Amino acid sequence: MASKVIYSLRDSTPKKRDDFEDILEERRNSSDLRYALKCYTPAVYRNLVPCKSSMLKNLVLQSEPLRYVIEQVSAESGESREVVQEEASQVLEEMAHRLQLSTVRFFAFTLSKAFKALYRSVRVNEEGIQRLQQAIQEHPVVLLPSHRSYIDFLMMSYLLFTYDLALPVIAAGMDFISMKFVGEMLRMSGAFFIRRSFGGDRLYWAVFSEYVKTILRNGYAPIEFFLEGTRSRTAKSLTPKTGLLNIVMEPFFKGEVFDVNLVPVSISYERILEESLYARELLGVPKPKESTSGLLKARRILSEDFGTMHVYFGAPVSVRSLAQSHINRSQYNLVPRHIPQRPAADTQAFVNDVAFHLVRLQEENMVLKPWALISTLLLKNPDGVELSTLTQQVDWLRRLALSFGAFLDWPDGEPCSKVISSSLTTHRNLAGVSGGRVRLVFPEASGAGLSAEEAEFNRAVTVLSCGSYRNQMLHVFVRPALLAVAMHSANSSRRDEIYNCFDFLRNIFSNEFILCPGASVQDFEEACYLLVKCGAVQESQQEVVMSSSGQATLSFLCSLMEPFLQGYQVVCRYLCEDTQEDLPEKNFVPAVRNFALRLILAGSLKCYEALSSDLQKNALAALIRLKAVKKVKTGDQVTLKINKMAVNSLEDMLGGKIPTQKPVLARL
Amino acid sequence: MASNTDISERQRSARQRLRIIAGHLQKSEGNEHTALSAQECKAETPRSNAAKVTAVPKRRQEILKWNGWGYSDSRFFFNKKGQAEFTGRRYRLSGLILPSLKDWFEGTFGANLQHKTPATASLNVSAVPPPNLNELFVEELKTAGVALSTDPEDRVFRSHGHCLHEIFALREGRIGKIPDLVVWPSCHDDVVKIVELACKHNVCLIPYGGGTSVSSALECPPEETRSIVSLDTSQMNRILWIDEKNLTAHVEAGIIGQDLERQLNESGYCTGHEPDSMEFSSLGGWVATRASGMKKNIYGNIEDLVVHIKMVTPRGVIEKSCQGPRLSTGPDIHHFILGSEGTLGVVTEVTMKIRPLPEYQKYGSVVFPNFQQGVACLREVAKQRCAPASIRLMDNEQFQFGHALKPQVSSIFTSFLEGLKKFYITKFKGFDPHHLCVATLLFEGDREKVLQHEKQVYDIAAKFGGLAAGEDNGQRGYMLTFVIAYLRDLGMDYYVIGESFETSVPWDRVLDLCRNVKERIVRECKERGVQFPPLSTCRVTQTYDAGACVYFYFAFNYRGLSDPIHVYEQVEHAAREEILANGGSLSHHHGVGKLRKEWMRETVSNVGLGMLKSVKEYVDPNNIFGNRNLL
């Protein structure tokens, strides 16, 4: 298996993390204008081939790989070379950035104002900045921030400008282009635009990949893109996309650069700007189309408090070191390098593993706020908790999270109760204290004519919003939690049987959480290690058993997985009970949503997360992967063919009846 | 050379030519070496040769170093004033002072003249293990009248090539496994006899030519338990005949490069085969390693030069029945012999192409603003197939290295001119002295054609921003090749160790390969605790239609390292891995030996390796030629 040795996050020593500095502090004390007009002379790549953005386009158009594809396309389509060339040139025109320092300075000024209004502080690890500065000079750099908000890339460029680092060229979705003025502004501050899907378009792909590679090879600028491909609406990391990662690694594979530095960046928000937007989107209220006027309307959010933001620049990861003993670079020796080659299976697997590895590095350095713990506990108790009980529980959970290696931002020396009340202030739209009990706030009774459905939808918005804060810390708990569930449902303390359950759950949820493919054994061992470490479990050669004091921890961990287990079961139930064997794919999400809503209205389902389209899609992907559902394409229509038997048995298994037929002892 | 009153006019002019040709090599060709008369061969030969002179005597220890490169009388040292000097009278640099070498040396390696690591002064004969002789074999050899020796010095001299680890061990006085016996056949028939006896008595034979191997090819395999016999071909060094109609010469394979050229020159001919080691390496060695000469653009590499090869194997003698210039008779059996690295038998006689001596020879050089431009120019030259006899491109580090070897300037005028040239290039033309690089050129042929050719090449160079930089720089570049090995000995006196290695690579990967390998070397050194950044430099030394040959020099200061040779070997290993990963070959002309064996399978594929093995199994089933190279 390709994934064998790329990473091992299981450290016995606590992770050493850098300290943070607030960059807004200086902004509040000195002139924004002077700051925006400051002398900007970033350190550059030592083998930089200096070139302007217009020259860059020429370089791309004249590059051998692109010329090759143009020839091919022209030969196959019968169009003349010039026509295809012109087409390529237009694609490039549509795509290419036009970085201008003056625009950057404009952004530097306006964003200073905006950030100061939005955030109490923006905290950055300066050691990470120093490492980055070093890395930029040594080898081409690829910046890989997590993606939770539109603020991400604005903030990235803003920070790099602030620290006098080379401004990145950013891969952005085409959606922005429709925002007339803003799209062009972003272009002039370093964004380049790619279509969301261009699967079969060879010319587009060639232009795009050559554009990125040329930037990389010449050390023109750091390249920035989002591994997750899009903003995560749930605050969980998304399964990484490997297309762009493959492109930026290829120059190393082919020996065109000595190395490439991949820099994971973890951007964490105390409160996400798009909070309720995301929840509505998950519930099926379509995402508003990006438009300039929409942006202007959003001005009022400037008066709200979004707390603190943390940006952690991780240590640069050298592609060369990762590839050592995984990639045989001489495989590229026998074909001219400008001829596009589909990456070999092992290369593909390697890139995929690296992508997961990087996302885990992002997760690892995500800063967790007390609110993540509080919202987790509140979600467990929809009817509210006594403040004093909550205080105790939060304190307990804090210690558990720390022992699992969570990166908590906890105010020094403040009593837990004070921390809770300050969190509640920031998130007063989601939770509040009434009558000594802390409970979720549901925007009720605005207008008496609210139907029962609408009321439930409103509750769901709050639950999903809160859920996204719980999700922020799921990556810390997911492996032990899967183990806890496995122990619970295995009905045996035999290690191999528990592993079987664990492996099954891991497989089911591999679209839901970041679980590196093929790393089941490592994950299992990591989970065991953490649970033993926190005293919840005792481990021997043959057995994994709960320790006498482990009940609280294990049941808490199980409860973390509960919404997902339930949600997946709802999907299964729908497929078994409420639909034909053929289901048009586009009907799937609305139909499941209706089904879930009916269950909620009937009072037989308490789990609002089952309404989330994200969960529903992940569940479907899992069912397809497990071959319980088949996707069939007929013309434009995609149909889901449901194997009800299989789905039914999966549902049973999720319900805790996991059969442990074939022990996979050998793999342990 | 014996003085003779009636040297023909022709011979005299031949000598004149030789002086120019060997200009980069030798100070004077009239050396006073002990003339050894070859042992009269008992076999009948087509032409009886009277006494002749060979530059390297049978007792190599008389004029060669035992633990360093080349002649005992030629070495670099830092004099009392801290200036570098080169001793002896053999080379153009001999007796000269090199004022800037010290600064370059200290600056590049962080070395210090106070910190010396002198070599063991002389070979401690008592440390040499006693020979493990096969008495019956020795008896029969003696009866057959073959010259032999068990003298410790003779054996130690033939126990190694010139890899860093080999020389480093000798400098420390460490003697590893060495041959038990040295034999000197004086003709083909002697070799036949020796091989027959070796088979009969099951002893291990290791052919020895000039001893310039840099692939651990001459190392005695430690696992060998049989008596090891070094078969020194140096006494088979006659030109047996010259065929002026077909322009071929039939030569015994033990002849060394400089003797072959000198003797052919006397008849107005040359082979044009000039590997950098030609002072010491032998014709048989060239064949056995697939050697390449710096003037291959005109004359070809060894495989292009040989017309006929005779090799003695345990199965008998292998040779072709005719001297046709090209055959379509199945796979060319010469290609089993070329590059066989002494694993199949001993090459005894070779018929080689010869050419009339060129009328005119001219050095030249071109400065480029950077290495990329230089490579682009070489590529264009190769594309137009107008490469001069030799064209080499040094990178910036090597250019600076070359500069450090400039001898003291004798007149103010020359130093003024130098200054002006430098000013013109760096200030007026705006070349960055830390990026510019130099191509050195050597043209050969009719005077008129040379000048025409020269213009063509300079015109191409100009298109790539190249500026002609004079004959001197060119000539000095070639000289560097011949003294670099002496310089390594100097480095080793001061904690600096180094080596060169080579590869061949398609044109489109030359730049990437050079950059990546150089950087890999720097990085590996750092990771392995080398205190000071290493010298990591390269040059393109040969051009082909489809690619180029690239040479790397790599050296570092090993103060503070407990096992410098191990570190060195790890870095070289990593560098080779990097070469292979970047589309370079395992070797262009140094061969595989034992040093690069581990990569043979991936280099030639399983089937390829199997083919080679099956040939070995057929030709030498008892592994008489047991040096264990290659496979």
# chains A, B, ... in the order shown; residues from 1 in each chain; ligands from 1

call {"tool": "interface_residues", "arguments": {"of": "chain B", "to": "chain A", "cutoff": "10 Å", "atoms": "only C-alpha atoms", "output": "PyMOL selection string"}}
result
chain B and resi 505-506+508-509+511-513+515-520+577-584+602

call {"tool": "residues_around", "arguments": {"residues": "range 326-335 of chain B", "least_positions_apart": "3", "cutoff": "12 Å", "atoms": "only C-alpha atoms", "output": "list in words"}}
result
Val287, Ala288, Thr289, Arg290, Ile302, Glu303, Asp304, Leu305, Val306, Val307, His308, Ile309, Lys310, Met311, Ile318, Glu319, Lys320, Ser321, Cys322, Gln323, Leu338, Gly339, Ser340, Glu341, Val347, Val350, Leu612 and Val615 of chain B

call {"tool": "select_by_dssp", "arguments": {"residues": "range 413-579 of chain A", "states": "alpha helix (DSSP H)", "output": "ChimeraX atom specification"}}
result
/A:416-426,452-472,474-490,495-508,520-533,551-577

call {"tool": "residues_around", "arguments": {"residues": "range 610-615 of chain A", "least_positions_apart": "6", "cutoff": "7 Å", "atoms": "only C-alpha atoms", "output": "PDB file with all heavy atoms, in the first residue's frame"}}
result
ATOM      1  N   LEU A 282     -26.801  24.193   3.686  1.00  0.00           N
ATOM      2  CA  LEU A 282     -26.853  22.756   3.946  1.00  0.00           C
ATOM      3  C   LEU A 282     -28.299  22.268   4.005  1.00  0.00           C
ATOM      4  O   LEU A 282     -28.579  21.111   3.712  1.00  0.00           O
ATOM      5  CB  LEU A 282     -26.154  22.425   5.265  1.00  0.00           C
ATOM      6  CG  LEU A 282     -24.634  22.611   5.269  1.00  0.00           C
ATOM      7  CD1 LEU A 282     -24.082  22.449   6.674  1.00  0.00           C
ATOM      8  CD2 LEU A 282     -23.960  21.620   4.321  1.00  0.00           C
ATOM      9  N   LEU A 283     -29.173  23.178   4.378  1.00  0.00           N
ATOM     10  CA  LEU A 283     -30.580  22.791   4.477  1.00  0.00           C
ATOM     11  C   LEU A 283     -31.321  22.981   3.165  1.00  0.00           C
ATOM     12  O   LEU A 283     -32.528  22.793   3.089  1.00  0.00           O
ATOM     13  CB  LEU A 283     -31.258  23.604   5.572  1.00  0.00           C
ATOM     14  CG  LEU A 283     -30.751  23.260   6.978  1.00  0.00           C
ATOM     15  CD1 LEU A 283     -31.227  24.260   7.990  1.00  0.00           C
ATOM     16  CD2 LEU A 283     -31.195  21.850   7.359  1.00  0.00           C
ATOM     17  N   GLY A 567     -27.612   9.894  11.208  1.00  0.00           N
ATOM     18  CA  GLY A 567     -27.833  10.506   9.900  1.00  0.00           C
ATOM     19  C   GLY A 567     -27.664   9.495   8.777  1.00  0.00           C
ATOM     20  O   GLY A 567     -28.488   9.415   7.853  1.00  0.00           O
ATOM     21  N   VAL A 570     -30.566   7.216   8.636  1.00  0.00           N
ATOM     22  CA  VAL A 570     -31.734   7.823   8.008  1.00  0.00           C
ATOM     23  C   VAL A 570     -31.636   7.699   6.489  1.00  0.00           C
ATOM     24  O   VAL A 570     -32.609   7.343   5.813  1.00  0.00           O
ATOM     25  CB  VAL A 570     -31.881   9.295   8.435  1.00  0.00           C
ATOM     26  CG1 VAL A 570     -32.936   9.998   7.597  1.00  0.00           C
ATOM     27  CG2 VAL A 570     -32.213   9.387   9.911  1.00  0.00           C
ATOM     28  N   VAL A 589     -30.976  14.324  -2.717  1.00  0.00           N
ATOM     29  CA  VAL A 589     -30.857  15.202  -1.544  1.00  0.00           C
ATOM     30  C   VAL A 589     -32.213  15.738  -1.095  1.00  0.00           C
ATOM     31  O   VAL A 589     -32.574  15.588   0.084  1.00  0.00           O
ATOM     32  CB  VAL A 589     -29.831  16.322  -1.798  1.00  0.00           C
ATOM     33  CG1 VAL A 589     -29.927  17.396  -0.719  1.00  0.00           C
ATOM     34  CG2 VAL A 589     -28.437  15.737  -1.849  1.00  0.00           C
ATOM     35  N   ARG A 593     -34.021  14.761   2.450  1.00  0.00           N
ATOM     36  CA  ARG A 593     -34.331  15.851   3.368  1.00  0.00           C
ATOM     37  C   ARG A 593     -35.805  15.783   3.795  1.00  0.00           C
ATOM     38  O   ARG A 593     -36.121  15.868   4.985  1.00  0.00           O
ATOM     39  CB  ARG A 593     -34.022  17.200   2.720  1.00  0.00           C
ATOM     40  CG  ARG A 593     -34.102  18.341   3.712  1.00  0.00           C
ATOM     41  CD  ARG A 593     -33.966  19.703   3.048  1.00  0.00           C
ATOM     42  NE  ARG A 593     -32.717  19.809   2.292  1.00  0.00           N
ATOM     43  CZ  ARG A 593     -32.654  20.158   1.013  1.00  0.00           C
ATOM     44  NH1 ARG A 593     -33.762  20.406   0.332  1.00  0.00           N
ATOM     45  NH2 ARG A 593     -31.501  20.251   0.417  1.00  0.00           N
ATOM     46  N   ALA A 596     -36.351  12.910   6.153  1.00  0.00           N
ATOM     47  CA  ALA A 596     -35.854  13.203   7.492  1.00  0.00           C
ATOM     48  C   ALA A 596     -36.779  14.179   8.202  1.00  0.00           C
ATOM     49  O   ALA A 596     -37.067  14.037   9.392  1.00  0.00           O
ATOM     50  CB  ALA A 596     -34.433  13.757   7.409  1.00  0.00           C
TER      51      ALA A 596
END

call {"tool": "residues_around", "arguments": {"residues": "Lys353 in chain B", "least_positions_apart": "4", "cutoff": "12 Å", "atoms": "only C-alpha atoms", "output": "list in words"}}
result
Ile242, Asp243, Glu244, Lys245, Asn246, Leu247, Thr248, Ala249, His250, Val251, Leu264, Tyr269, Cys270, Thr271, Gly272, His273, Tyr299, Gly300, Asn301, Ile302, Glu303, Asp304, Leu305, Val306, Val307, His308, Gln323 and Pro325 of chain B

call {"tool": "residues_around", "arguments": {"residues": "Leu283 in chain B", "least_positions_apart": "6", "cutoff": "9 Å", "atoms": "only C-alpha atoms", "output": "list in words"}}
result
Gly209, Gly210, Val251, Glu252, Ala253, Gly254, Ile255, Ile256, Gly257, Leu260, Val347, Glu349 and Val350 of chain B

call {"tool": "closest_residue", "arguments": {"among": "B:Lys116, B:Lys81, B:His403, B:Lys594", "to": "Leu218 in chain B", "atoms": "only C-alpha atoms"}}
result
B:Lys594

call {"tool": "atom_distance", "arguments": {"atom1": "CA of Pro563 in chain A", "atom2": "CA of Gly655 in chain A"}}
result
12.0 Å

call {"tool": "residues_around", "arguments": {"residues": "range 225-235 of chain B", "least_positions_apart": "5", "cutoff": "9 Å", "atoms": "only C-alpha atoms", "output": "PyMOL selection string"}}
result
chain B and resi 38-39+56-58+131-134+155+158-159+178-187+191+194+198+202-210+220+252-256+282+284+346+348+626

call {"tool": "residues_around", "arguments": {"residues": "range 144-150 of chain A", "least_positions_apart": "4", "cutoff": "6 Å", "atoms": "only C-alpha atoms", "output": "NGL selection string"}}
result
:A and (224-226 or 231-232 or 263-267)

call {"tool": "write_last_selection", "arguments": {"atoms": "all heavy atoms", "output": "mmCIF file, in the first residue's frame"}}
result
data_model
loop_
_atom_site.group_PDB
_atom_site.id
_atom_site.type_symbol
_atom_site.label_atom_id
_atom_site.label_comp_id
_atom_site.auth_asym_id
_atom_site.auth_seq_id
_atom_site.Cartn_x
_atom_site.Cartn_y
_atom_site.Cartn_z
ATOM 1 N N GLU A 224 -0.839 29.632 -4.433
ATOM 2 C CA GLU A 224 -1.734 29.325 -3.322
ATOM 3 C C GLU A 224 -2.993 28.677 -3.856
ATOM 4 O O GLU A 224 -3.568 29.160 -4.826
ATOM 5 C CB GLU A 224 -2.072 30.624 -2.586
ATOM 6 C CG GLU A 224 -3.075 30.459 -1.468
ATOM 7 C CD GLU A 224 -3.384 31.791 -0.798
ATOM 8 O OE1 GLU A 224 -2.437 32.576 -0.555
ATOM 9 O OE2 GLU A 224 -4.568 32.061 -0.550
ATOM 10 N N PHE A 225 -3.386 27.582 -3.263
ATOM 11 C CA PHE A 225 -4.690 27.033 -3.608
ATOM 12 C C PHE A 225 -5.232 26.244 -2.429
ATOM 13 O O PHE A 225 -4.526 26.005 -1.444
ATOM 14 C CB PHE A 225 -4.636 26.194 -4.884
ATOM 15 C CG PHE A 225 -3.830 24.939 -4.785
ATOM 16 C CD1 PHE A 225 -4.410 23.737 -4.401
ATOM 17 C CD2 PHE A 225 -2.477 24.949 -5.095
ATOM 18 C CE1 PHE A 225 -3.663 22.584 -4.315
ATOM 19 C CE2 PHE A 225 -1.721 23.787 -5.003
ATOM 20 C CZ PHE A 225 -2.313 22.611 -4.611
ATOM 21 N N PHE A 226 -6.487 25.895 -2.541
ATOM 22 C CA PHE A 226 -7.136 25.214 -1.436
ATOM 23 C C PHE A 226 -7.261 23.739 -1.756
ATOM 24 O O PHE A 226 -7.930 23.360 -2.721
ATOM 25 C CB PHE A 226 -8.516 25.826 -1.181
ATOM 26 C CG PHE A 226 -8.428 27.274 -0.785
ATOM 27 C CD1 PHE A 226 -8.750 28.289 -1.679
ATOM 28 C CD2 PHE A 226 -8.002 27.619 0.482
ATOM 29 C CE1 PHE A 226 -8.651 29.614 -1.326
ATOM 30 C CE2 PHE A 226 -7.899 28.955 0.850
ATOM 31 C CZ PHE A 226 -8.224 29.947 -0.047
ATOM 32 N N ARG A 231 -14.969 25.996 0.001
ATOM 33 C CA ARG A 231 -15.097 26.285 1.428
ATOM 34 C C ARG A 231 -15.864 25.151 2.101
ATOM 35 O O ARG A 231 -16.896 24.722 1.607
ATOM 36 C CB ARG A 231 -15.858 27.601 1.631
ATOM 37 C CG ARG A 231 -15.093 28.817 1.188
ATOM 38 C CD ARG A 231 -15.985 30.027 1.229
ATOM 39 N NE ARG A 231 -17.129 29.845 0.338
ATOM 40 C CZ ARG A 231 -18.286 30.467 0.479
ATOM 41 N NH1 ARG A 231 -18.469 31.307 1.475
ATOM 42 N NH2 ARG A 231 -19.279 30.247 -0.369
ATOM 43 N N SER A 232 -15.353 24.698 3.208
ATOM 44 C CA SER A 232 -16.088 23.682 3.949
ATOM 45 C C SER A 232 -17.239 24.370 4.657
ATOM 46 O O SER A 232 -17.054 25.312 5.406
ATOM 47 C CB SER A 232 -15.175 23.008 4.965
ATOM 48 O OG SER A 232 -15.954 22.292 5.883
ATOM 49 N N VAL A 263 3.458 24.344 2.024
ATOM 50 C CA VAL A 263 3.282 24.956 3.338
ATOM 51 C C VAL A 263 1.806 24.906 3.734
ATOM 52 O O VAL A 263 0.996 25.668 3.212
ATOM 53 C CB VAL A 263 3.772 26.419 3.329
ATOM 54 C CG1 VAL A 263 3.606 27.041 4.718
ATOM 55 C CG2 VAL A 263 5.218 26.483 2.886
ATOM 56 N N PRO A 264 1.449 23.998 4.633
ATOM 57 C CA PRO A 264 0.063 23.976 5.098
ATOM 58 C C PRO A 264 -0.179 25.173 6.016
ATOM 59 O O PRO A 264 0.671 25.509 6.832
ATOM 60 C CB PRO A 264 -0.037 22.665 5.880
ATOM 61 C CG PRO A 264 1.354 22.331 6.278
ATOM 62 C CD PRO A 264 2.268 22.964 5.271
ATOM 63 N N VAL A 265 -1.327 25.797 5.839
ATOM 64 C CA VAL A 265 -1.656 26.945 6.675
ATOM 65 C C VAL A 265 -3.021 26.665 7.292
ATOM 66 O O VAL A 265 -3.961 26.323 6.591
ATOM 67 C CB VAL A 265 -1.715 28.239 5.845
ATOM 68 C CG1 VAL A 265 -2.002 29.439 6.751
ATOM 69 C CG2 VAL A 265 -0.428 28.449 5.079
ATOM 70 N N SER A 266 -3.082 26.794 8.605
ATOM 71 C CA SER A 266 -4.350 26.529 9.285
ATOM 72 C C SER A 266 -4.968 27.856 9.693
ATOM 73 O O SER A 266 -4.379 28.606 10.452
ATOM 74 C CB SER A 266 -4.111 25.689 10.536
ATOM 75 O OG SER A 266 -3.256 24.611 10.225
ATOM 76 N N ILE A 267 -6.138 28.127 9.152
ATOM 77 C CA ILE A 267 -6.815 29.374 9.485
ATOM 78 C C ILE A 267 -8.036 29.026 10.318
ATOM 79 O O ILE A 267 -8.939 28.341 9.842
ATOM 80 C CB ILE A 267 -7.232 30.133 8.215
ATOM 81 C CG1 ILE A 267 -6.021 30.324 7.313
ATOM 82 C CG2 ILE A 267 -7.859 31.485 8.573
ATOM 83 C CD1 ILE A 267 -6.320 30.999 6.007
#

call {"tool": "closest_residue", "arguments": {"among": "A:Leu654, A:Val394, A:Ala602, A:Met645", "to": "Phe509 in chain A", "atoms": "only C-alpha atoms"}}
result
A:Leu654

call {"tool": "select_by_dssp", "arguments": {"residues": "range 37-136 of chain A", "states": "strand (DSSP E or B)", "output": "list in words"}}
result
Ala43, Ser121, Val122, Arg123, Val124 and Asn125 of chain A

call {"tool": "write_last_selection", "arguments": {"atoms": "all heavy atoms", "output": "PDB file, in the first residue's frame"}}
result
ATOM      1  N   ALA A  43      11.607  39.218  -0.095  1.00  0.00           N
ATOM      2  CA  ALA A  43      12.691  38.319  -0.500  1.00  0.00           C
ATOM      3  C   ALA A  43      12.126  37.354  -1.538  1.00  0.00           C
ATOM      4  O   ALA A  43      10.982  36.923  -1.427  1.00  0.00           O
ATOM      5  CB  ALA A  43      13.187  37.536   0.710  1.00  0.00           C
ATOM      6  N   SER A 121      -8.824  40.373  17.223  1.00  0.00           N
ATOM      7  CA  SER A 121      -7.404  40.256  16.899  1.00  0.00           C
ATOM      8  C   SER A 121      -7.212  39.197  15.812  1.00  0.00           C
ATOM      9  O   SER A 121      -8.041  38.302  15.655  1.00  0.00           O
ATOM     10  CB  SER A 121      -6.588  39.892  18.139  1.00  0.00           C
ATOM     11  OG  SER A 121      -7.050  38.673  18.668  1.00  0.00           O
ATOM     12  N   VAL A 122      -6.140  39.345  15.096  1.00  0.00           N
ATOM     13  CA  VAL A 122      -5.739  38.344  14.107  1.00  0.00           C
ATOM     14  C   VAL A 122      -4.362  37.878  14.517  1.00  0.00           C
ATOM     15  O   VAL A 122      -3.405  38.641  14.486  1.00  0.00           O
ATOM     16  CB  VAL A 122      -5.703  38.945  12.685  1.00  0.00           C
ATOM     17  CG1 VAL A 122      -5.118  37.937  11.712  1.00  0.00           C
ATOM     18  CG2 VAL A 122      -7.090  39.367  12.258  1.00  0.00           C
ATOM     19  N   ARG A 123      -4.298  36.640  14.944  1.00  0.00           N
ATOM     20  CA  ARG A 123      -3.056  36.180  15.566  1.00  0.00           C
ATOM     21  C   ARG A 123      -2.310  35.227  14.630  1.00  0.00           C
ATOM     22  O   ARG A 123      -2.883  34.290  14.088  1.00  0.00           O
ATOM     23  CB  ARG A 123      -3.354  35.547  16.904  1.00  0.00           C
ATOM     24  CG  ARG A 123      -4.060  36.553  17.839  1.00  0.00           C
ATOM     25  CD  ARG A 123      -4.610  35.905  19.080  1.00  0.00           C
ATOM     26  NE  ARG A 123      -3.560  35.445  19.969  1.00  0.00           N
ATOM     27  CZ  ARG A 123      -2.874  36.255  20.782  1.00  0.00           C
ATOM     28  NH1 ARG A 123      -3.148  37.535  20.829  1.00  0.00           N
ATOM     29  NH2 ARG A 123      -1.942  35.773  21.550  1.00  0.00           N
ATOM     30  N   VAL A 124      -1.039  35.508  14.473  1.00  0.00           N
ATOM     31  CA  VAL A 124      -0.223  34.794  13.491  1.00  0.00           C
ATOM     32  C   VAL A 124       1.014  34.251  14.201  1.00  0.00           C
ATOM     33  O   VAL A 124       1.586  34.940  15.054  1.00  0.00           O
ATOM     34  CB  VAL A 124       0.218  35.758  12.377  1.00  0.00           C
ATOM     35  CG1 VAL A 124       1.095  35.034  11.367  1.00  0.00           C
ATOM     36  CG2 VAL A 124      -0.990  36.367  11.691  1.00  0.00           C
ATOM     37  N   ASN A 125       1.430  33.039  13.847  1.00  0.00           N
ATOM     38  CA  ASN A 125       2.693  32.542  14.424  1.00  0.00           C
ATOM     39  C   ASN A 125       3.858  33.090  13.611  1.00  0.00           C
ATOM     40  O   ASN A 125       4.058  32.728  12.459  1.00  0.00           O
ATOM     41  CB  ASN A 125       2.713  31.011  14.480  1.00  0.00           C
ATOM     42  CG  ASN A 125       2.721  30.369  13.127  1.00  0.00           C
ATOM     43  OD1 ASN A 125       2.125  30.897  12.182  1.00  0.00           O
ATOM     44  ND2 ASN A 125       3.392  29.240  12.999  1.00  0.00           N
TER      45      ASN A 125
END

call {"tool": "closest_residue", "arguments": {"among": "A:Ala646, A:Leu400, A:Thr639, A:Gly467", "to": "Ala536 in chain A", "atoms": "only C-alpha atoms"}}
result
A:Leu400

call {"tool": "atom_distance", "arguments": {"atom1": "CA of Thr537 in chain B", "atom2": "CA of Trp69 in chain B"}}
result
21.1 Å

call {"tool": "atom_distance", "arguments": {"atom1": "CA of Asp409 in chain A", "atom2": "CA of Leu24 in chain A"}}
result
17.8 Å

call {"tool": "closest_residue", "arguments": {"among": "B:Cys549, B:Val522, B:Ile63, B:Val146", "to": "Lys296 in chain B", "atoms": "only C-alpha atoms"}}
result
B:Cys549

call {"tool": "closest_atom_pairs", "arguments": {"of": "range 447-502 of chain A", "to": "range 420-443 of chain A", "cutoff": "8 Å", "atoms": "only C-alpha atoms", "output": "CSV"}}
result
residue,atom,partner,partner_atom,distance
A:Asn458,CA,A:Pro443,CA,6.5
A:Arg459,CA,A:Phe442,CA,5.5
A:Thr462,CA,A:Leu430,CA,6.1
A:Val463,CA,A:Leu440,CA,7.9
A:Ser465,CA,A:Leu430,CA,7.7
A:Cys466,CA,A:Leu430,CA,6.9
